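model-v2.cif follows (mmCIF, C-alpha atoms and all ligand atoms):
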```cif
data_upload
loop_
_atom_site.label_atom_id
_atom_site.label_comp_id
_atom_site.auth_asym_id
_atom_site.auth_seq_id
_atom_site.Cartn_x
_atom_site.Cartn_y
_atom_site.Cartn_z
CA MET A 168 -19.77 9.75 20.35
CA ARG A 169 -21.94 11.15 17.60
CA ILE A 170 -22.07 9.02 14.43
CA THR A 171 -23.68 10.24 11.21
CA GLU A 172 -24.01 8.61 7.84
CA LEU A 173 -22.65 10.43 4.79
CA HIS A 174 -24.00 9.83 1.30
CA PRO A 175 -21.17 10.70 -1.06
CA GLY A 176 -22.38 8.56 -4.01
CA THR A 177 -23.42 5.06 -4.92
CA GLU A 178 -20.08 3.29 -5.23
CA HIS A 179 -19.50 2.82 -1.48
CA GLU A 180 -21.67 0.61 0.70
CA LEU A 181 -21.48 2.74 3.84
CA VAL A 182 -19.67 5.91 4.86
CA LEU A 183 -19.84 7.11 8.47
CA GLN A 184 -18.44 10.13 10.26
CA ALA A 185 -17.87 10.11 14.02
CA GLU A 186 -17.10 12.82 16.51
CA ASP A 187 -16.15 12.54 20.17
CA GLU A 188 -15.60 16.01 21.53
CA ARG A 189 -14.05 14.94 24.83
CA ALA A 190 -11.33 13.02 23.01
CA GLY A 191 -10.93 15.72 20.33
CA TYR A 192 -11.66 12.93 17.85
CA ARG A 193 -13.13 13.25 14.37
CA ALA A 194 -12.94 10.45 11.84
CA ILE A 195 -14.50 8.89 8.76
CA ILE A 196 -14.85 5.19 8.03
CA ALA A 197 -15.59 4.33 4.41
CA ILE A 198 -16.69 0.81 3.50
CA HIS A 199 -16.32 0.35 -0.22
CA ASN A 200 -17.25 -3.27 -0.79
CA THR A 201 -17.88 -6.34 1.38
CA ARG A 202 -18.88 -8.85 -1.31
CA LEU A 203 -15.76 -10.94 -0.79
CA GLY A 204 -15.54 -10.51 2.98
CA PRO A 205 -15.30 -7.91 5.74
CA ALA A 206 -13.96 -4.54 4.63
CA CYS A 207 -10.30 -4.30 5.62
CA GLY A 208 -8.07 -1.25 5.48
CA GLY A 209 -5.81 0.78 7.69
CA THR A 210 -6.36 3.88 9.79
CA ARG A 211 -4.71 7.01 8.43
CA LEU A 212 -4.02 9.91 10.79
CA TRP A 213 -3.51 13.02 8.70
CA ARG A 214 -3.86 16.78 8.86
CA TYR A 215 -6.31 17.52 6.02
CA ASP A 216 -6.95 20.98 4.57
CA SER A 217 -10.68 20.37 4.73
CA ASP A 218 -13.24 17.73 5.69
CA ALA A 219 -13.96 17.30 1.98
CA ASP A 220 -10.31 16.29 1.44
CA ALA A 221 -10.53 13.77 4.30
CA LEU A 222 -13.68 12.26 2.79
CA ALA A 223 -12.12 12.10 -0.68
CA ASP A 224 -9.08 10.30 0.78
CA ALA A 225 -11.25 7.76 2.63
CA LEU A 226 -13.30 7.05 -0.49
CA ARG A 227 -10.27 6.66 -2.76
CA LEU A 228 -8.27 4.53 -0.32
CA SER A 229 -11.16 2.21 0.57
CA ARG A 230 -11.83 1.56 -3.11
CA ALA A 231 -8.15 0.78 -3.64
CA MET A 232 -8.32 -1.71 -0.76
CA SER A 233 -11.20 -3.58 -2.42
CA TYR A 234 -9.14 -3.89 -5.59
CA LYS A 235 -5.97 -4.90 -3.73
CA ALA A 236 -7.69 -7.63 -1.71
CA ALA A 237 -9.68 -8.95 -4.68
CA ALA A 238 -6.62 -9.12 -6.94
CA ALA A 239 -4.67 -10.92 -4.20
CA GLY A 240 -7.47 -13.50 -4.01
CA LEU A 241 -8.27 -12.71 -0.36
CA PRO A 242 -11.68 -13.25 1.27
CA MET A 243 -11.77 -9.56 2.22
CA GLY A 244 -13.41 -6.39 1.08
CA GLY A 245 -12.14 -2.83 1.08
CA GLY A 246 -12.49 -0.13 3.69
CA LYS A 247 -10.45 2.65 5.24
CA SER A 248 -10.58 5.03 8.13
CA VAL A 249 -9.15 8.49 8.32
CA ILE A 250 -8.73 10.37 11.58
CA ILE A 251 -8.68 14.10 11.00
CA ALA A 252 -5.65 15.33 12.95
CA ASP A 253 -5.84 18.64 14.72
CA HIS A 254 -4.36 20.19 17.83
CA ARG A 255 -7.41 19.60 19.95
CA HIS A 256 -7.20 15.89 20.64
CA ALA A 257 -6.79 15.11 24.31
CA SER A 258 -4.06 12.45 24.03
CA ARG A 259 -3.03 9.75 21.59
CA GLU A 260 -4.49 7.19 23.95
CA LYS A 261 -7.92 8.86 24.09
CA LEU A 262 -7.85 9.38 20.33
CA PHE A 263 -7.28 5.71 19.53
CA GLN A 264 -9.66 4.54 22.23
CA ALA A 265 -12.34 6.66 20.55
CA HIS A 266 -11.33 5.15 17.24
CA GLY A 267 -11.67 1.67 18.69
CA ARG A 268 -15.23 2.48 19.75
CA PHE A 269 -16.06 3.73 16.26
CA VAL A 270 -14.65 0.54 14.69
CA GLU A 271 -16.57 -1.55 17.24
CA HIS A 272 -19.79 0.23 16.26
CA LEU A 273 -19.54 -1.51 12.86
CA GLY A 274 -19.58 -4.93 14.52
CA GLY A 275 -16.90 -6.54 12.33
CA ARG A 276 -18.09 -5.27 8.98
CA TYR A 277 -14.90 -3.18 8.96
CA ILE A 278 -11.50 -4.34 10.24
CA THR A 279 -8.71 -1.85 10.73
CA ALA A 280 -4.90 -1.86 10.86
CA GLU A 281 -2.08 0.67 10.86
CA ASP A 282 -1.42 3.05 7.99
CA VAL A 283 0.29 6.37 7.33
CA GLY A 284 0.50 8.31 10.60
CA THR A 285 -0.41 5.33 12.82
CA SER A 286 1.56 2.42 14.22
CA HIS A 287 0.94 -1.05 15.56
CA GLU A 288 1.31 0.49 19.03
CA ASP A 289 -1.71 2.70 18.25
CA MET A 290 -3.56 -0.40 17.09
CA ALA A 291 -2.89 -2.03 20.45
CA ILE A 292 -4.88 0.85 22.00
CA VAL A 293 -7.69 0.36 19.46
CA ARG A 294 -7.69 -3.31 20.40
CA ARG A 295 -8.76 -2.46 23.96
CA GLU A 296 -12.12 -1.33 22.55
CA THR A 297 -12.65 -3.75 19.68
CA GLN A 298 -11.46 -7.11 18.37
CA HIS A 299 -11.70 -5.88 14.79
CA VAL A 300 -8.05 -4.92 14.37
CA ALA A 301 -5.53 -6.81 12.25
CA GLY A 302 -2.39 -4.73 12.34
CA LEU A 303 -0.69 -5.88 15.50
CA ARG A 304 2.73 -6.40 13.98
CA ASP A 305 4.77 -4.37 11.53
CA PRO A 306 3.60 -5.37 8.02
CA SER A 307 6.54 -3.86 6.16
CA PRO A 308 8.80 -6.97 5.97
CA PHE A 309 5.86 -8.82 4.36
CA THR A 310 5.13 -5.99 1.97
CA ALA A 311 8.83 -5.90 1.07
CA ARG A 312 8.81 -9.65 0.35
CA GLY A 313 5.83 -9.22 -1.99
CA VAL A 314 7.52 -6.36 -3.83
CA PHE A 315 10.62 -8.53 -4.21
CA ARG A 316 8.50 -11.30 -5.79
CA ALA A 317 6.81 -8.74 -8.06
CA LEU A 318 10.24 -7.52 -9.18
CA GLN A 319 11.25 -11.08 -9.97
CA ALA A 320 8.09 -11.45 -12.08
CA ALA A 321 8.85 -8.25 -13.99
CA ALA A 322 12.44 -9.45 -14.51
CA ARG A 323 11.18 -12.74 -15.92
CA ARG A 324 8.77 -10.97 -18.23
CA ARG A 325 11.30 -8.41 -19.37
CA TRP A 326 14.61 -10.26 -19.33
CA GLY A 327 13.51 -13.88 -19.40
CA THR A 328 14.88 -14.73 -15.93
CA ASP A 329 13.96 -14.12 -12.28
CA ASP A 330 17.59 -13.64 -11.47
CA LEU A 331 18.35 -10.11 -10.31
CA ARG A 332 22.09 -10.71 -10.04
CA ASP A 333 24.06 -7.76 -11.44
CA ARG A 334 20.90 -5.82 -12.32
CA THR A 335 21.10 -2.16 -11.35
CA LEU A 336 17.98 -0.97 -9.56
CA ALA A 337 17.10 2.59 -8.48
CA LEU A 338 15.36 2.49 -5.10
CA GLN A 339 13.40 5.58 -4.06
CA GLY A 340 12.67 5.73 -0.33
CA CYS A 341 14.66 3.87 2.34
CA GLY A 342 12.02 3.76 5.07
CA HIS A 343 10.45 0.62 6.51
CA ILE A 344 9.93 -1.12 3.21
CA GLY A 345 12.80 0.39 1.26
CA ALA A 346 15.33 -0.71 3.86
CA ALA A 347 13.93 -4.27 4.12
CA LEU A 348 13.68 -4.59 0.34
CA ALA A 349 17.24 -3.29 -0.13
CA ARG A 350 18.54 -6.20 1.94
CA MET A 351 16.59 -8.74 -0.13
CA LEU A 352 17.81 -7.23 -3.39
CA GLN A 353 21.40 -7.15 -2.14
CA ASP A 354 21.13 -10.81 -1.13
CA ALA A 355 19.87 -11.54 -4.65
CA GLY A 356 22.99 -9.90 -6.10
CA ALA A 357 21.47 -6.66 -7.42
CA ARG A 358 23.38 -3.35 -7.41
CA LEU A 359 21.48 -0.45 -5.92
CA LEU A 360 21.25 3.26 -6.49
CA VAL A 361 19.29 4.60 -3.51
CA ALA A 362 17.76 7.90 -2.52
CA ASP A 363 15.81 9.25 0.42
CA MET A 364 14.79 12.75 1.47
CA ASP A 365 16.66 11.86 4.64
CA ASP A 366 20.22 11.19 3.40
CA ALA A 367 21.17 9.27 6.53
CA ARG A 368 18.49 6.66 5.78
CA ALA A 369 19.85 6.21 2.27
CA ARG A 370 23.43 5.92 3.55
CA ARG A 371 22.39 3.25 6.04
CA VAL A 372 21.33 0.78 3.36
CA VAL A 373 24.26 1.00 0.93
CA ARG A 374 27.21 -1.38 0.80
CA ALA A 375 30.50 0.42 0.29
CA GLY A 376 31.97 -0.07 -3.16
CA ILE A 377 28.83 -1.69 -4.60
CA ASP A 378 25.78 0.56 -4.09
CA GLN A 379 25.53 4.31 -4.38
CA VAL A 380 23.49 7.10 -2.82
CA VAL A 381 21.88 9.41 -5.38
CA PRO A 382 20.31 12.83 -4.63
CA ALA A 383 16.56 12.50 -4.04
CA GLY A 384 15.78 14.70 -7.03
CA ALA A 385 17.82 12.51 -9.38
CA ILE A 386 16.56 9.01 -8.56
CA THR A 387 13.73 8.83 -11.12
CA SER A 388 16.16 9.60 -13.94
CA ALA A 389 19.04 7.46 -12.61
CA ALA A 390 20.66 5.12 -15.12
CA ALA A 391 19.27 1.84 -13.82
CA GLN A 392 17.45 -1.10 -15.37
CA GLY A 393 14.64 -0.92 -12.85
CA PHE A 394 13.00 1.86 -10.87
CA VAL A 395 11.61 0.82 -7.47
CA PRO A 396 9.37 3.51 -5.92
CA CYS A 397 9.04 3.00 -2.17
CA ALA A 398 8.37 6.56 -1.02
CA LEU A 399 5.18 8.47 -1.77
CA GLY A 400 2.47 8.17 -4.39
CA GLY A 401 2.10 10.16 -7.61
CA VAL A 402 5.75 9.67 -8.57
CA LEU A 403 4.97 8.62 -12.15
CA ASP A 404 3.51 11.56 -14.03
CA ARG A 405 3.75 13.46 -17.29
CA ALA A 406 6.94 15.18 -16.05
CA THR A 407 8.86 12.19 -14.63
CA ILE A 408 7.92 9.48 -17.15
CA PRO A 409 9.82 11.09 -20.06
CA THR A 410 12.95 11.23 -17.85
CA LEU A 411 12.92 7.55 -16.77
CA ARG A 412 15.85 5.52 -18.06
CA CYS A 413 14.72 2.13 -16.79
CA GLU A 414 13.02 -0.87 -18.41
CA ILE A 415 10.80 -1.92 -15.50
CA VAL A 416 8.99 -0.08 -12.68
CA VAL A 417 7.86 -2.06 -9.64
CA GLY A 418 7.62 -0.76 -6.08
CA ALA A 419 5.70 -0.51 -2.85
CA ALA A 420 4.35 3.04 -2.94
CA ASN A 421 0.57 3.33 -3.17
CA ASN A 422 -0.95 5.18 -6.14
CA GLN A 423 2.29 5.51 -8.07
CA LEU A 424 0.52 6.79 -11.19
CA ALA A 425 -0.53 10.43 -10.84
CA GLU A 426 -3.39 9.75 -13.29
CA PRO A 427 -4.60 6.70 -15.24
CA ALA A 428 -3.10 8.03 -18.50
CA ASP A 429 0.36 7.57 -16.97
CA ALA A 430 0.00 3.82 -17.52
CA ASP A 431 -0.26 4.57 -21.27
CA ARG A 432 2.69 6.96 -21.08
CA LEU A 433 4.84 4.19 -19.55
CA ALA A 434 3.70 1.68 -22.15
CA ALA A 435 4.41 4.15 -24.96
CA ARG A 436 7.99 4.39 -23.70
CA GLY A 437 8.28 0.59 -23.65
CA ILE A 438 8.60 0.49 -19.84
CA LEU A 439 7.04 -2.51 -18.10
CA TYR A 440 4.95 -1.34 -15.15
CA GLY A 441 4.02 -3.79 -12.37
CA PRO A 442 0.80 -2.34 -10.88
CA ASP A 443 1.36 -0.98 -7.37
CA TYR A 444 -1.52 -2.65 -5.60
CA ILE A 445 -0.52 -6.06 -6.91
CA ALA A 446 3.11 -5.59 -5.85
CA ASN A 447 2.41 -4.15 -2.39
CA ALA A 448 -0.29 -6.59 -1.20
CA GLY A 449 2.06 -8.43 1.19
CA GLY A 450 1.04 -6.32 4.20
CA VAL A 451 -2.66 -6.95 3.62
CA ILE A 452 -1.99 -10.65 3.15
CA ASP A 453 -0.24 -10.64 6.51
CA GLY A 454 -3.41 -9.12 7.98
CA ALA A 455 -5.35 -12.07 6.55
CA ARG A 456 -3.09 -14.40 8.50
CA TYR A 457 -4.32 -12.77 11.67
CA LEU A 458 -7.98 -12.61 10.65
CA PHE A 459 -8.38 -16.10 9.29
CA GLY A 460 -5.89 -17.90 11.48
CA TRP A 461 -3.56 -18.72 8.60
CA THR A 462 -0.24 -20.30 9.45
CA GLU A 463 3.01 -18.45 8.75
CA GLU A 464 3.56 -20.99 5.97
CA ARG A 465 0.28 -20.15 4.24
CA ASN A 466 1.03 -16.47 4.71
CA ARG A 467 4.39 -16.89 3.01
CA THR A 468 2.98 -18.95 0.13
CA THR A 469 0.25 -16.39 -0.52
CA ILE A 470 2.73 -13.52 -0.51
CA ASP A 471 5.05 -15.42 -2.82
CA ALA A 472 2.12 -15.99 -5.21
CA ILE A 473 2.26 -12.25 -6.01
CA TYR A 474 4.86 -13.44 -8.52
CA ASP A 475 2.28 -15.59 -10.34
CA THR A 476 -0.43 -12.92 -10.21
CA MET A 477 1.95 -10.39 -11.69
CA LEU A 478 2.94 -12.72 -14.53
CA GLU A 479 -0.75 -13.45 -15.18
CA ILE A 480 -1.42 -9.71 -15.41
CA PHE A 481 1.47 -9.10 -17.81
CA ALA A 482 0.24 -11.95 -20.05
CA SER A 483 -3.36 -10.75 -19.96
CA ALA A 484 -2.27 -7.19 -20.79
CA GLU A 485 -0.29 -8.37 -23.79
CA ALA A 486 -3.05 -10.66 -25.05
CA GLN A 487 -5.58 -7.85 -24.96
CA GLY A 488 -3.31 -5.00 -26.02
CA ILE A 489 -3.96 -3.10 -22.77
CA THR A 490 -1.67 -1.83 -20.03
CA PRO A 491 -0.82 -3.98 -16.98
CA ALA A 492 -2.64 -1.38 -14.84
CA ALA A 493 -5.82 -1.95 -16.86
CA ALA A 494 -5.35 -5.73 -16.72
CA ALA A 495 -4.99 -5.57 -12.91
CA ASP A 496 -8.23 -3.57 -12.59
CA GLN A 497 -9.92 -6.09 -14.85
CA LEU A 498 -8.82 -8.99 -12.64
CA ALA A 499 -10.04 -7.25 -9.48
CA GLU A 500 -13.34 -6.17 -11.04
CA ALA A 501 -13.98 -9.69 -12.37
CA ARG A 502 -13.55 -11.11 -8.84
CA LEU A 503 -15.73 -8.41 -7.29
CA GLY A 504 -18.35 -8.93 -10.02
CA ALA A 505 -18.32 -12.71 -9.62
CA ALA A 506 -18.96 -12.29 -5.88
CA ALA A 507 -21.90 -9.93 -6.43
P1 LIG A 601 8.17 5.04 5.44
O1 LIG A 601 7.56 6.32 5.83
O2 LIG A 601 8.81 4.15 6.46
O3 LIG A 601 9.31 5.32 4.32
C1 LIG A 601 9.16 6.22 3.27
C2 LIG A 601 10.53 6.83 3.00
O4 LIG A 601 10.45 7.60 1.80
C3 LIG A 601 11.00 7.78 4.10
O5 LIG A 601 12.30 7.40 4.51
C4 LIG A 601 11.01 9.16 3.43
O6 LIG A 601 12.02 10.00 3.90
C5 LIG A 601 11.22 8.78 1.99
N1 LIG A 601 10.77 9.77 1.01
C6 LIG A 601 9.65 10.51 1.00
N2 LIG A 601 9.60 11.27 -0.11
C7 LIG A 601 10.69 10.99 -0.83
C8 LIG A 601 11.20 11.44 -2.07
N3 LIG A 601 10.55 12.33 -2.82
N4 LIG A 601 12.37 10.94 -2.50
C9 LIG A 601 13.06 10.03 -1.78
N5 LIG A 601 12.62 9.55 -0.59
C10 LIG A 601 11.46 10.04 -0.12
O7 LIG A 601 7.06 4.24 4.60
P2 LIG A 601 7.02 2.69 4.27
O8 LIG A 601 6.23 1.97 5.29
O9 LIG A 601 8.37 2.21 3.91
O10 LIG A 601 6.11 2.72 2.95
C11 LIG A 601 6.61 3.17 1.69
C12 LIG A 601 5.47 3.27 0.70
O11 LIG A 601 4.82 2.02 0.54
C13 LIG A 601 4.36 4.24 1.07
O12 LIG A 601 3.89 4.85 -0.11
C14 LIG A 601 3.28 3.36 1.67
O13 LIG A 601 1.99 3.92 1.53
C15 LIG A 601 3.42 2.14 0.78
N6 LIG A 601 2.92 0.91 1.42
C16 LIG A 601 3.40 0.53 2.65
C17 LIG A 601 2.98 -0.67 3.21
C18 LIG A 601 3.59 -1.17 4.48
O14 LIG A 601 3.42 -2.36 4.78
N7 LIG A 601 4.32 -0.36 5.23
C19 LIG A 601 1.96 -1.52 2.55
C20 LIG A 601 1.56 -1.03 1.25
C21 LIG A 601 2.02 0.14 0.72
#
```

Could I get this structure in the form of structure tokens?
Ligand code: NAI
Amino acid sequence: MRITELHPGTEHELVLQAEDERAGYRAIIAIHNTRLGPACGGTRLWRYDSDADALADALRLSRAMSYKAAAAGLPMGGGKSVIIADHRHASREKLFQAHGRFVEHLGGRYITAEDVGTSHEDMAIVRRETQHVAGLRDPSPFTARGVFRALQAAARRRWGTDDLRDRTLALQGCGHIGAALARMLQDAGARLLVADMDDARARRVVRAGIDQVVPAGAITSAAAQGFVPCALGGVLDRATIPTLRCEIVVGAANNQLAEPADADRLAARGILYGPDYIANAGGVIDGARYLFGWTEERNRTTIDAIYDTMLEIFASAEAQGITPAAAADQLAEARLGAAA
């Protein structure tokens, strides 16, 4: 395996590229910040248009992980790996074994887990080569629980009560998280409008006579009190924000805002936005359970505390006249700065 250091700028501590021709493996590991602890972040397997795109993704995602972990109060830093998918890799097994060797090369400074395009089964292969893997069970039920708590916080802030009974919520994306979250919201008495690119997934989560399936293209503008994005990023932009009919937006998708100015656009419309990386930290917190030997009880309490963090962010945003997105960044940056 050939490993070379890249020097894309000063913000990241270390960025390495690895290549193992026999396995058809090419990957980048970006370590953004380890002031609070080892850099943690999943492994993305993706077909990129260019190596520059793969690098940009690794840099952006590793930075986001630092912010997510810091805001959640975890003793972890931020990192990410991206495996550049192409047709040449020998087998999935060889690919992830090679990845395990690359992770091992960093000696614990970076700890990986599953992400888009990879599964906990892939991580079991990585584990044969290195101990520095956290994602050995499906994190989505934990992420869903955290999003549920974040929604309760937004409800308290907006409507003065955590109670979601009889609230109508528009859920975009009925995959791992969307489906788990739908059950929690239904148990809490909410009514759902749901959409998925795959109609069958949407139909699977609805209760006859109570919830409704909405066409995927219509979910952002559905008449609901809350919009819950659990599909892909970039869903809140200059085109969709003017069409929203909700009062709160809280969901699991990463990078929901297409650009930072979208936080201002939401605020200008009087819509309360619960920052994505605060709401969706449950999966990372579950990784901490594995890394630091936390009990299930401590895991649960820490995930449930997303509620308190979210309320703190809403209060801080109001006190300073800034958006919740800016207040979340401020919280994360203060923790990273204090650890420096
Ligand atoms: P998933 O792939 O299981 O589900 C995503 C669902 O969204 C799929 O059913 C897909 O068909 C649907 N979808 C895609 N585009 C859509 C559109 N335009 N309209 C309606 N539906 C659409 O993914 P998962 O694990 O449920 O994650 C959802 C989001 O949460 C992703 O953005 C992911 O990055 C983020 N996330 C996931 C975590 C986890 O623990 N799985 C942790 C933190 C963030």

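Counting from CA of Tyr474 (chain A), the distance to atom O8 of ligand LIG 601 (chain A) is 20.7 Å.
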
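For the set A:Ser248, A:Thr410, A:Ser217, A:Thr310, the residue with the smallest atom-to-atom gap to Gly345 (chain A) is A:Thr310, counting all atoms listed in the file.
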
Practice item. Collect all residues with atoms no farther than 7 Å from ligand LIG 601 (chain A), counting all atoms listed in the file, and output them as number ranges by chain. Key: A: 283, 306-307, 309-310, 339-345, 362-365, 368, 383-384, 397-400, 419-421, 447-448, 450

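The list of residues within 8 Å of (-14.6, -3.7, 4.2), counted using all atoms listed in the file, is Ile198, His199, Asn200, Thr201, Gly204, Pro205, Ala206, Cys207, Gly208, Ser229, Ser233, Met243, Gly244, Gly245, Gly246, Lys247, Arg276, Tyr277 and Ile278 of chain A.
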
Review point. If I put a ball of radius 12 Å at (-2.9, -1.6, -23.1) in the file's coordinates, which residues poke into it when counting only C-alpha atoms, written as a PyMOL selection string?
Key: chain A and resi 427-435+437+439-440+480-497

Cut-off 7 Å: closest region 311-425 of chain A/region 443-446 of chain A atom pairs per residue, using only C-alpha atoms, as a tab-separated table:
```
residue	atom	partner	partner_atom	distance
A:Gly313	CA	A:Ala446	CA	6.0
A:Val314	CA	A:Ala446	CA	4.9
A:Ala317	CA	A:Ala446	CA	5.3
A:Val417	CA	A:Asp443	CA	7.0
A:Gly418	CA	A:Asp443	CA	6.4
A:Ala419	CA	A:Asp443	CA	6.3
A:Ala420	CA	A:Asp443	CA	6.7
A:Asn421	CA	A:Asp443	CA	6.1
A:Asn422	CA	A:Asp443	CA	6.7
A:Gln423	CA	A:Asp443	CA	6.6
```

Generate a file of the selected residues that holds C-alpha atoms, formatted as a compact mmCIF listing (two decimals), in the coordinates of the input.
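The resulting again.txt:
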```txt
# COMPACT_ATOMS: atom_id res chain seq x y z
CA GLY A 313 5.83 -9.22 -1.99
CA VAL A 314 7.52 -6.36 -3.83
CA ALA A 317 6.81 -8.74 -8.06
CA VAL A 417 7.86 -2.06 -9.64
CA GLY A 418 7.62 -0.76 -6.08
CA ALA A 419 5.70 -0.51 -2.85
CA ALA A 420 4.35 3.04 -2.94
CA ASN A 421 0.57 3.33 -3.17
CA ASN A 422 -0.95 5.18 -6.14
CA GLN A 423 2.29 5.51 -8.07
```

Exercise for review: For region 256-267 of chain A, list every protein, DNA or RNA residue within 12 Å, evaluated using only C-alpha atoms, and leave out those in the same chain fewer than 4 positions away; present the list as a PyMOL selection string.
Suggested key: chain A and resi 168-170+184-196+209-212+248-252+271-275+277-281+284-300

Point to revise | Non-local contacts of Asp329 (chain A) (7 Å; all atoms listed in the file; under 6 positions in same chain excluded) as a list in words | key: Gln319, Ala320, Ala322 and Arg323 of chain A

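Between CA of Thr335 (chain A) and CA of Ala390 (chain A) the separation is 8.2 Å.
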
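Minimum atom-to-atom distance to Ser388 (chain A), evaluated using all atoms listed in the file, belongs to A:Ala337 out of A:Val372, A:Ala367, A:Ala337, A:Leu359.
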
**Study point:** Distance in Å - CA of Phe394 (chain A) versus CA of Ile473 (chain A)
**Key:** 18.4 Å

Check your understanding: If we count all atoms listed in the file, what is near His179 (chain A) at a cut-off of 8 Å, once residues fewer than 2 positions away on the same chain are taken out, given as a PyMOL selection string?
Key -> chain A and resi 176-177+181-182+197-200+226+230

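Nearest to Val395 (chain A) of all the residues A:Asp253, A:Pro175, A:Trp461, A:Ala349 is A:Ala349, counting all atoms listed in the file.
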
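Every protein, DNA or RNA residue with an atom at most 8 Å from Leu348 (chain A), where all atoms listed in the file count and chain neighbours fewer than 6 positions away do not, is listed here: Pro308, Ala311, Arg312, Val314 and Phe315 of chain A.
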
Point to revise | Selected residue, from A:Asp366, A:Leu222, A:Leu498, A:Pro442, that lies nearest to Leu173 (chain A) when counting only C-alpha atoms | key: A:Leu222

Selected region 354-366 of chain A, written as an mmCIF file, in the first residue's frame, N, CA, C and O atoms:
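Contents of out.cif, freshly written:
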```
data_model
loop_
_atom_site.group_PDB
_atom_site.id
_atom_site.type_symbol
_atom_site.label_atom_id
_atom_site.label_comp_id
_atom_site.auth_asym_id
_atom_site.auth_seq_id
_atom_site.Cartn_x
_atom_site.Cartn_y
_atom_site.Cartn_z
ATOM 1 N N ASP A 354 -46.048 6.680 17.929
ATOM 2 C CA ASP A 354 -46.282 6.347 19.343
ATOM 3 C C ASP A 354 -46.557 7.602 20.168
ATOM 4 O O ASP A 354 -47.262 7.549 21.180
ATOM 5 N N ALA A 355 -45.960 8.737 19.731
ATOM 6 C CA ALA A 355 -46.159 9.982 20.472
ATOM 7 C C ALA A 355 -47.456 10.678 20.053
ATOM 8 O O ALA A 355 -47.764 11.763 20.547
ATOM 9 N N GLY A 356 -48.175 10.083 19.102
ATOM 10 C CA GLY A 356 -49.490 10.629 18.743
ATOM 11 C C GLY A 356 -49.483 11.620 17.585
ATOM 12 O O GLY A 356 -50.494 12.281 17.325
ATOM 13 N N ALA A 357 -48.328 11.745 16.895
ATOM 14 C CA ALA A 357 -48.283 12.678 15.761
ATOM 15 C C ALA A 357 -48.983 12.066 14.551
ATOM 16 O O ALA A 357 -49.122 10.843 14.460
ATOM 17 N N ARG A 358 -49.413 12.928 13.632
ATOM 18 C CA ARG A 358 -49.960 12.469 12.336
ATOM 19 C C ARG A 358 -48.906 12.755 11.282
ATOM 20 O O ARG A 358 -48.302 13.830 11.278
ATOM 21 N N LEU A 359 -48.696 11.793 10.395
ATOM 22 C CA LEU A 359 -47.581 11.922 9.453
ATOM 23 C C LEU A 359 -48.038 12.058 8.013
ATOM 24 O O LEU A 359 -48.971 11.382 7.573
ATOM 25 N N LEU A 360 -47.337 12.924 7.296
ATOM 26 C CA LEU A 360 -47.365 12.932 5.841
ATOM 27 C C LEU A 360 -45.979 12.435 5.456
ATOM 28 O O LEU A 360 -44.981 12.986 5.936
ATOM 29 N N VAL A 361 -45.879 11.391 4.658
ATOM 30 C CA VAL A 361 -44.556 10.813 4.384
ATOM 31 C C VAL A 361 -44.299 10.715 2.889
ATOM 32 O O VAL A 361 -45.234 10.543 2.092
ATOM 33 N N ALA A 362 -43.033 10.815 2.536
ATOM 34 C CA ALA A 362 -42.655 10.668 1.128
ATOM 35 C C ALA A 362 -41.319 9.968 1.030
ATOM 36 O O ALA A 362 -40.452 10.132 1.902
ATOM 37 N N ASP A 363 -41.153 9.190 -0.019
ATOM 38 C CA ASP A 363 -39.862 8.578 -0.326
ATOM 39 C C ASP A 363 -39.801 8.424 -1.842
ATOM 40 O O ASP A 363 -40.838 8.252 -2.496
ATOM 41 N N MET A 364 -38.594 8.485 -2.389
ATOM 42 C CA MET A 364 -38.431 8.254 -3.830
ATOM 43 C C MET A 364 -38.951 6.864 -4.182
ATOM 44 O O MET A 364 -39.432 6.630 -5.280
ATOM 45 N N ASP A 365 -38.821 5.964 -3.215
ATOM 46 C CA ASP A 365 -39.319 4.606 -3.368
ATOM 47 C C ASP A 365 -40.667 4.549 -2.638
ATOM 48 O O ASP A 365 -40.723 4.479 -1.409
ATOM 49 N N ASP A 366 -41.759 4.606 -3.421
ATOM 50 C CA ASP A 366 -43.109 4.682 -2.850
ATOM 51 C C ASP A 366 -43.420 3.561 -1.861
ATOM 52 O O ASP A 366 -44.119 3.774 -0.866
#
```
